[in-house]
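Have a look at the structure below, then the notes.
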Amino acid sequence: AFVARLAAELRAACAELGVVEIDATTVEICAVEAVNNAIEHAYGGRPGSRVEVALALSGDELSLEIRDAGRPLPPGRLDEAQSVEHPLHDPDALPERGMGLAILKEAMDEVAYASAGGVNTLRLCRRVALSAPGAALRPA
C-alpha cells in the first residue's frame, strides 16, 4: 500500500515540477522497483521496515535517493547488472526475476550505490524534459 502511495506522490510531484509524462513514468517505475528491492532484499520482506525516498530537480536533472537500513547490496552487484538483452516482443524470453538493477541502469542516466554507517543509499539520476521553460522555478 505504501509503495502505491509513493508512486502516486512521485507522479504528482513530477507533474508539479513540470516533468513530461514519459519521464515521470520512467522515474515512477524505477522508484517503485528500487523500493520494492529494498523491501524484498534489504529487509527480507519484514513488515514495518523503513525506506526513505527523496526527490530533487536541478535544472533538467531529476534525482532520487532511496535509503534503507537493511542488508547492504553485495559488493559488485550493481556493476554486474547487465543491460536488458532479451527481446521485449517475446515475453517468454524474459526472466521472471533478476532484472531490476539492469532496468534501473537502462532507464536512468546515473545509478550509484553506497552503504555507510548502517544506511544504504541508492541514487538515481535522469535528465528530464520539462513541459514549459522554467516550470520547475515557479514559486511554491
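Chain labels run A, B, ... following the order of the C-alpha cells; each chain numbers its residues from 1, and ligands are numbered from 1 in the order shown.
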message: Can you pull out every residue from stretch 17-134 of chain A that DSSP, working from the backbone, puts in helix (DSSP H, G or I), and format the result as JSON, numbers by chain?
response: {"A": [17, 21, 22, 23, 24, 25, 26, 27, 28, 29, 30, 31, 32, 33, 34, 35, 36, 37, 38, 39, 40, 41, 42, 77, 78, 79, 80, 91, 92, 93, 100, 101, 102, 103, 104, 105, 106, 107]}
query: What's the 12 Å shell around A:Leu10, counting only C-alpha atoms, without same-chain residues fewer than 2 positions away, as JSON, numbers by chain?
result: {"A": [3, 4, 5, 6, 7, 8, 12, 13, 14, 15, 16, 17, 19, 21, 23, 24, 25, 26, 27, 28, 29, 30, 31, 32, 53, 54, 55, 56, 62, 63, 64]}
File of the preceding selection, N, CA and C atoms, as an mmCIF file, in the first residue's frame:
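After the write, out.cif holds the following:
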```
data_model
loop_
_atom_site.group_PDB
_atom_site.id
_atom_site.type_symbol
_atom_site.label_atom_id
_atom_site.label_comp_id
_atom_site.auth_asym_id
_atom_site.auth_seq_id
_atom_site.Cartn_x
_atom_site.Cartn_y
_atom_site.Cartn_z
ATOM 1 N N VAL A 3 3.916 1.527 -1.172
ATOM 2 C CA VAL A 3 4.605 1.661 -2.458
ATOM 3 C C VAL A 3 3.663 2.299 -3.478
ATOM 4 N N ALA A 4 2.404 1.909 -3.478
ATOM 5 C CA ALA A 4 1.423 2.519 -4.387
ATOM 6 C C ALA A 4 1.256 4.006 -4.060
ATOM 7 N N ARG A 5 1.244 4.336 -2.778
ATOM 8 C CA ARG A 5 1.133 5.748 -2.369
ATOM 9 C C ARG A 5 2.363 6.536 -2.810
ATOM 10 N N LEU A 6 3.546 5.920 -2.657
ATOM 11 C CA LEU A 6 4.783 6.559 -3.128
ATOM 12 C C LEU A 6 4.694 6.850 -4.618
ATOM 13 N N ALA A 7 4.248 5.873 -5.398
ATOM 14 C CA ALA A 7 4.138 6.054 -6.853
ATOM 15 C C ALA A 7 3.234 7.239 -7.176
ATOM 16 N N ALA A 8 2.096 7.319 -6.519
ATOM 17 C CA ALA A 8 1.153 8.422 -6.766
ATOM 18 C C ALA A 8 1.756 9.765 -6.366
ATOM 19 N N ALA A 12 2.631 12.957 -8.826
ATOM 20 C CA ALA A 12 2.108 14.299 -8.542
ATOM 21 C C ALA A 12 3.246 15.314 -8.439
ATOM 22 N N ALA A 13 4.338 14.943 -7.770
ATOM 23 C CA ALA A 13 5.484 15.853 -7.633
ATOM 24 C C ALA A 13 6.091 16.155 -8.997
ATOM 25 N N CYS A 14 6.229 15.126 -9.837
ATOM 26 C CA CYS A 14 6.775 15.336 -11.181
ATOM 27 C C CYS A 14 5.876 16.267 -11.990
ATOM 28 N N ALA A 15 4.573 16.093 -11.880
ATOM 29 C CA ALA A 15 3.630 16.959 -12.601
ATOM 30 C C ALA A 15 3.770 18.403 -12.124
ATOM 31 N N GLU A 16 3.884 18.580 -10.815
ATOM 32 C CA GLU A 16 4.035 19.926 -10.261
ATOM 33 C C GLU A 16 5.344 20.578 -10.710
ATOM 34 N N LEU A 17 6.382 19.765 -10.874
ATOM 35 C CA LEU A 17 7.676 20.282 -11.328
ATOM 36 C C LEU A 17 7.715 20.518 -12.840
ATOM 37 N N VAL A 19 7.652 18.011 -15.155
ATOM 38 C CA VAL A 19 8.320 16.909 -15.853
ATOM 39 C C VAL A 19 7.323 16.261 -16.806
ATOM 40 N N GLU A 21 5.294 13.609 -19.119
ATOM 41 C CA GLU A 21 4.720 12.340 -18.663
ATOM 42 C C GLU A 21 5.628 11.134 -18.867
ATOM 43 N N ASP A 23 8.872 10.895 -18.968
ATOM 44 C CA ASP A 23 9.961 10.903 -17.990
ATOM 45 C C ASP A 23 9.429 10.639 -16.577
ATOM 46 N N ALA A 24 8.276 11.215 -16.255
ATOM 47 C CA ALA A 24 7.672 10.983 -14.941
ATOM 48 C C ALA A 24 7.342 9.503 -14.757
ATOM 49 N N THR A 25 6.827 8.874 -15.802
ATOM 50 C CA THR A 25 6.501 7.445 -15.736
ATOM 51 C C THR A 25 7.761 6.613 -15.524
ATOM 52 N N THR A 26 8.818 6.936 -16.238
ATOM 53 C CA THR A 26 10.080 6.208 -16.092
ATOM 54 C C THR A 26 10.619 6.335 -14.672
ATOM 55 N N VAL A 27 10.594 7.539 -14.128
ATOM 56 C CA VAL A 27 11.070 7.777 -12.764
ATOM 57 C C VAL A 27 10.202 7.014 -11.770
ATOM 58 N N GLU A 28 8.905 7.041 -11.969
ATOM 59 C CA GLU A 28 7.986 6.332 -11.075
ATOM 60 C C GLU A 28 8.270 4.825 -11.077
ATOM 61 N N ILE A 29 8.416 4.241 -12.261
ATOM 62 C CA ILE A 29 8.685 2.804 -12.373
ATOM 63 C C ILE A 29 10.007 2.453 -11.684
ATOM 64 N N CYS A 30 11.029 3.264 -11.907
ATOM 65 C CA CYS A 30 12.336 2.988 -11.303
ATOM 66 C C CYS A 30 12.285 3.133 -9.785
ATOM 67 N N ALA A 31 11.569 4.130 -9.285
ATOM 68 C CA ALA A 31 11.455 4.303 -7.832
ATOM 69 C C ALA A 31 10.728 3.122 -7.205
ATOM 70 N N VAL A 32 9.645 2.688 -7.829
ATOM 71 C CA VAL A 32 8.893 1.544 -7.315
ATOM 72 C C VAL A 32 9.773 0.290 -7.312
ATOM 73 N N VAL A 53 12.580 8.002 0.623
ATOM 74 C CA VAL A 53 12.776 8.416 -0.765
ATOM 75 C C VAL A 53 12.797 9.940 -0.813
ATOM 76 N N ALA A 54 13.850 10.489 -1.420
ATOM 77 C CA ALA A 54 13.959 11.936 -1.598
ATOM 78 C C ALA A 54 14.038 12.230 -3.089
ATOM 79 N N LEU A 55 13.338 13.259 -3.519
ATOM 80 C CA LEU A 55 13.273 13.669 -4.925
ATOM 81 C C LEU A 55 13.778 15.098 -5.025
ATOM 82 N N ALA A 56 14.610 15.371 -6.039
ATOM 83 C CA ALA A 56 15.105 16.728 -6.264
ATOM 84 C C ALA A 56 15.225 16.973 -7.760
ATOM 85 N N LEU A 62 16.709 15.245 -12.727
ATOM 86 C CA LEU A 62 15.898 14.802 -11.612
ATOM 87 C C LEU A 62 16.657 13.692 -10.897
ATOM 88 N N SER A 63 16.736 13.783 -9.574
ATOM 89 C CA SER A 63 17.444 12.745 -8.825
ATOM 90 C C SER A 63 16.548 12.200 -7.720
ATOM 91 N N LEU A 64 16.733 10.923 -7.486
ATOM 92 C CA LEU A 64 16.045 10.217 -6.411
ATOM 93 C C LEU A 64 17.103 9.590 -5.523
#
```
task: Report the distance between atom CA of A:Gly44 and atom CA of A:Leu78 in Å, rounded to one decimal place.
output: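 It comes out at 18.5 Å.
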query: Quick one: of A:Glu9, A:Gly48, A:Arg123, A:Leu101, who's nearest to A:Gly76, counting only C-alpha atoms?
result: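 The shortest atom-to-atom distance to A:Gly76 comes from A:Leu101.
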- request: Just give me the gap between atom CA of A:Arg127 and atom CA of A:Asn36 in Å, one decimal is fine.
  value: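 These atoms are spaced 23.1 Å apart.
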- prompt: Just how far from atom CA of A:Ala129 is atom CA of A:Gly18, in Å to one decimal?
  reply: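 Interatomic distance here is 8.2 Å.
When only C-alpha atoms are used to compute distances to A:Ala112, the closest of the residues A:Ala1, A:Ser131, A:Met99, A:Ile66 turns out to be A:Ile66.
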